[in-house]
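Take a look at the structure set out below.
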Amino acid sequence: MHSTILCGAALLVQAGASSAVPSSFTADEQNTIAVFNKARQGVVHIKVSQRESEHFGTRTFAEGMGSGFLIDRDGNILTNYHVIGASNRIEVHLPNGRVAVARVVGTAPTLDLAMLSIDLEPADEVEPLPLGDSDTLVVGQKLIAVGHPLALHNTLTVGVLSALGRSLPDAPPELQETLIQTDAAINPGSSGGPLLNSAGEVIGITTAVAVDAQNLGFAVPINPARRIIPDLIEMGHPYRPSLGIEGIEITPELTDLFGLTRRSGVLVARIEPGSLAERAGLRAGARIVLLNETTYVLGGDIITAINGKEISSASQIMRILLESHPGDELRLSVLRDKVFHEVDIRLAPMGDR
């Protein structure tokens with residue numbers, strides 16, 4: 001298993017390069033240059049600091065850096081949550097050299113996303129980056145990363161989409177089996193920078209690299225970000241309803257071990273009193289088995305599908321909830337006592353459970 005480090009992208013390109021492209025360049029080179037010349041007007045360098053301690057009248061600070069990109073002309077900037085972390089001061093270095101102090105608009109730590117905002121001035125020549133559709137990605141297509149690794153501004157790397165649906169060991173459930181893998185060079189400092197397609201659209205947000213390997217970089221796909229951007233701007237956090245259940249992912253090994261009736265799905269182990277799940281009639285298990293210091297609660301409903309989509313992991317349920325809206329109705333297919341049942345759950349309004 002590869003260890004990972006949260007990072008960015010590399011291969012320095014002159015910041016003041018002319019936008020004129022010699023006709024002797026290939027069509028692919030011309031495309032890369034055109035995408036870069038436009039994207040660099042919307043990519044920003046982020047510098048963060050945090051007061052760590054105060055001792056004998058002196059203060060010590062921890063500093064970090066990353067990248068981000070403008071999504072509109074109101075000054076909203078998308079980046080990784082781990083870039084800003086617990087910082088108490090965030091500076092944004094704009095393409096024209098101006099430095100602005102940023103405000104935190106909203107965060108989604110489980111998606112490693114954060115929204116910042118700055119006051120743009122009339123003289124700021126910026127170009128917000130268009131957001132693409134990460135659901136249409138294909139392994140093998142060209143990807144372009146732009147960022148500020150090691151504070152080297154306007155850095156470009158080019159690669160291909162190496163794989164889709166990747167997971168990282170320490171990633172939260174919402175990001176498991178969702179990450180984009182690319183061989184575009186990734187280096188510390190470009191976390192939060194855009195990963196672009198040949199049309200110059202952001203299809204991912206550069207987030208991590210495998211430190212014990214070469215050319216294994218990862219990005220958060222843009223579609224989850226697109227869905228929560230309005231929530232981040234309006235509420236400061238994503239709308240995230242809770243079903244009120246704790247579940248156990250069923251594997252073939254678990255099925256053989258306990259003689260379960262399914263080889264995949266999510267076994268309901270506990271239901272929170274007063275939750276949507278309880279009101280809908282879902283049932284938790286009552287048979288408790290302790291094995292290898294792990295407690296298994298058996299005998300409950302097994303969730304096999306939601307809205308017709310087969311469920312094999314708790315992370316799939318979390319992603320469905322994250323993509324939902326207040327008042328949406330979810331139809332759960334559950335296996336109970338060897339009989340399939342359909343359970344309808346209407347999601348609570350904003351702020352309710």
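Order determines the names: the first chain of the structure tokens is A, the second B, and so forth; residues in each chain are numbered 1 upward, and ligands are numbered 1 upward as they are shown.
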
Could the residues of segment 178-290 of chain A that have an atom at most 9 Å from segment 318-332 of chain A be listed as JSON lines, each with its closest atom pair and the distance in Å to one decimal, counting only C-alpha atoms and ordered by chain and ascending residue number?
```
{"residue": "A:Pro224", "atom": "CA", "partner": "A:Glu323", "partner_atom": "CA", "distance": 7.6}
{"residue": "A:Arg227", "atom": "CA", "partner": "A:Glu323", "partner_atom": "CA", "distance": 6.9}
{"residue": "A:Ile228", "atom": "CA", "partner": "A:Glu323", "partner_atom": "CA", "distance": 8.3}
{"residue": "A:Pro238", "atom": "CA", "partner": "A:Leu322", "partner_atom": "CA", "distance": 7.6}
{"residue": "A:Tyr239", "atom": "CA", "partner": "A:Leu322", "partner_atom": "CA", "distance": 6.9}
{"residue": "A:Arg240", "atom": "CA", "partner": "A:Leu322", "partner_atom": "CA", "distance": 5.4}
{"residue": "A:Pro241", "atom": "CA", "partner": "A:Leu321", "partner_atom": "CA", "distance": 6.2}
{"residue": "A:Ser242", "atom": "CA", "partner": "A:Leu321", "partner_atom": "CA", "distance": 7.5}
{"residue": "A:Leu243", "atom": "CA", "partner": "A:Leu321", "partner_atom": "CA", "distance": 8.6}
```

Please identify all polymer residues within 12 Å of segment 292-297 of chain A, counting only C-alpha atoms, omitting same-chain residues fewer than 2 positions from it, and present them as a list of chain:residue names. A:Glu246, A:Gly247, A:Ile248, A:Glu249, A:Ile250, A:Leu254, A:Leu257, A:Phe258, A:Val266, A:Leu267, A:Val268, A:Ala269, A:Arg270, A:Ile271, A:Arg283, A:Ala284, A:Gly285, A:Ala286, A:Arg287, A:Ile288, A:Val289, A:Leu290, A:Gly299, A:Gly300, A:Asp301, A:Ile302

Which one is closest to Asp337 of chain A: A:Leu168, A:Leu137, A:Leu260, A:Met235? Count only C-alpha atoms.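 Among A:Leu168, A:Leu137, A:Leu260, A:Met235, it is A:Leu260 that comes nearest to Asp337 of chain A.
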
Mind checking which residues fall within 8 Å of segment 180-193 of chain A, counting only C-alpha atoms, ignoring those fewer than 2 positions away in the same chain, and posting them as a PyMOL selection string? chain A and resi 6-11+43+65-69+78-80+83+143-151+157-166+178+195+204-209+215-221

Among segment 69-261 of chain A, which ones does DSSP assign to strand (DSSP E or B) (computed from the backbone)? Answer as a count of residues only. 70

Residues of segment 66-115 of chain A in alpha helix (DSSP H), written as a compact mmCIF listing (two decimals) with N, CA and C atoms, in the first residue's frame:
```txt
# COMPACT_ATOMS: atom_id res chain seq x y z
N TYR A 81 -9.17 21.66 1.56
CA TYR A 81 -9.32 21.98 2.98
C TYR A 81 -7.98 21.84 3.71
N HIS A 82 -7.20 20.83 3.34
CA HIS A 82 -5.95 20.63 4.08
C HIS A 82 -4.94 21.74 3.81
N VAL A 83 -5.16 22.54 2.77
CA VAL A 83 -4.27 23.69 2.51
C VAL A 83 -4.43 24.74 3.61
N ILE A 84 -5.68 25.00 4.01
CA ILE A 84 -5.91 26.06 5.01
C ILE A 84 -5.93 25.52 6.43
```

Looking at only C-alpha atoms, which of A:Gly265, A:Pro194, A:Pro273, A:Gly132 is the one that sits closest to Ile303 of chain A? A:Gly265

Using only C-alpha atoms: which of A:Pro252, A:Pro22, A:Pro128, A:Gly42 has the shortest distance to Leu94 of chain A: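 Going through A:Pro252, A:Pro22, A:Pro128, A:Gly42 one by one, the smallest distance to Leu94 of chain A is for A:Gly42.
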
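Among the candidates A:Ile306, A:Val44, A:Val334, A:Ala210, the one nearest to Thr155 of chain A when counting only C-alpha atoms is A:Val44.
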
Find the spatial neighbours of Ile229 of chain A, counting only C-alpha atoms, within a cut-off of 12 Å - ignore same-chain residues fewer than 5 positions away - and output them as a ChimeraX atom specification. /A:71-72,76-79,105-108,111,113-116,131,222-224,234-239,323

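Of the listed residues (A:Arg89, A:Lys309, A:Lys142, A:Arg73), A:Arg73 comes nearest to Asp119 of chain A; the distances count only C-alpha atoms.
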
Point-to-point distance in Å for atom CA of Val35 of chain A and atom CA of Asn197 of chain A: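 Separation of atom CA of Asn197 of chain A and atom CA of Val35 of chain A: 8.6 Å.
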
Any idea what's packed within 9 Å of segment 274-278 of chain A, counting only C-alpha atoms, ignoring anything in its chain fewer than 2 positions away? Could you give it as a ChimeraX atom specification? /A:242-245,271-272,280-283,345-348,353

In Å, rounded to a single decimal, give me how far atom CA of Gln316 of chain A is from atom CA of Thr251 of chain A.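 Calculated distance between atom CA of Thr251 of chain A and atom CA of Gln316 of chain A is 14.8 Å.
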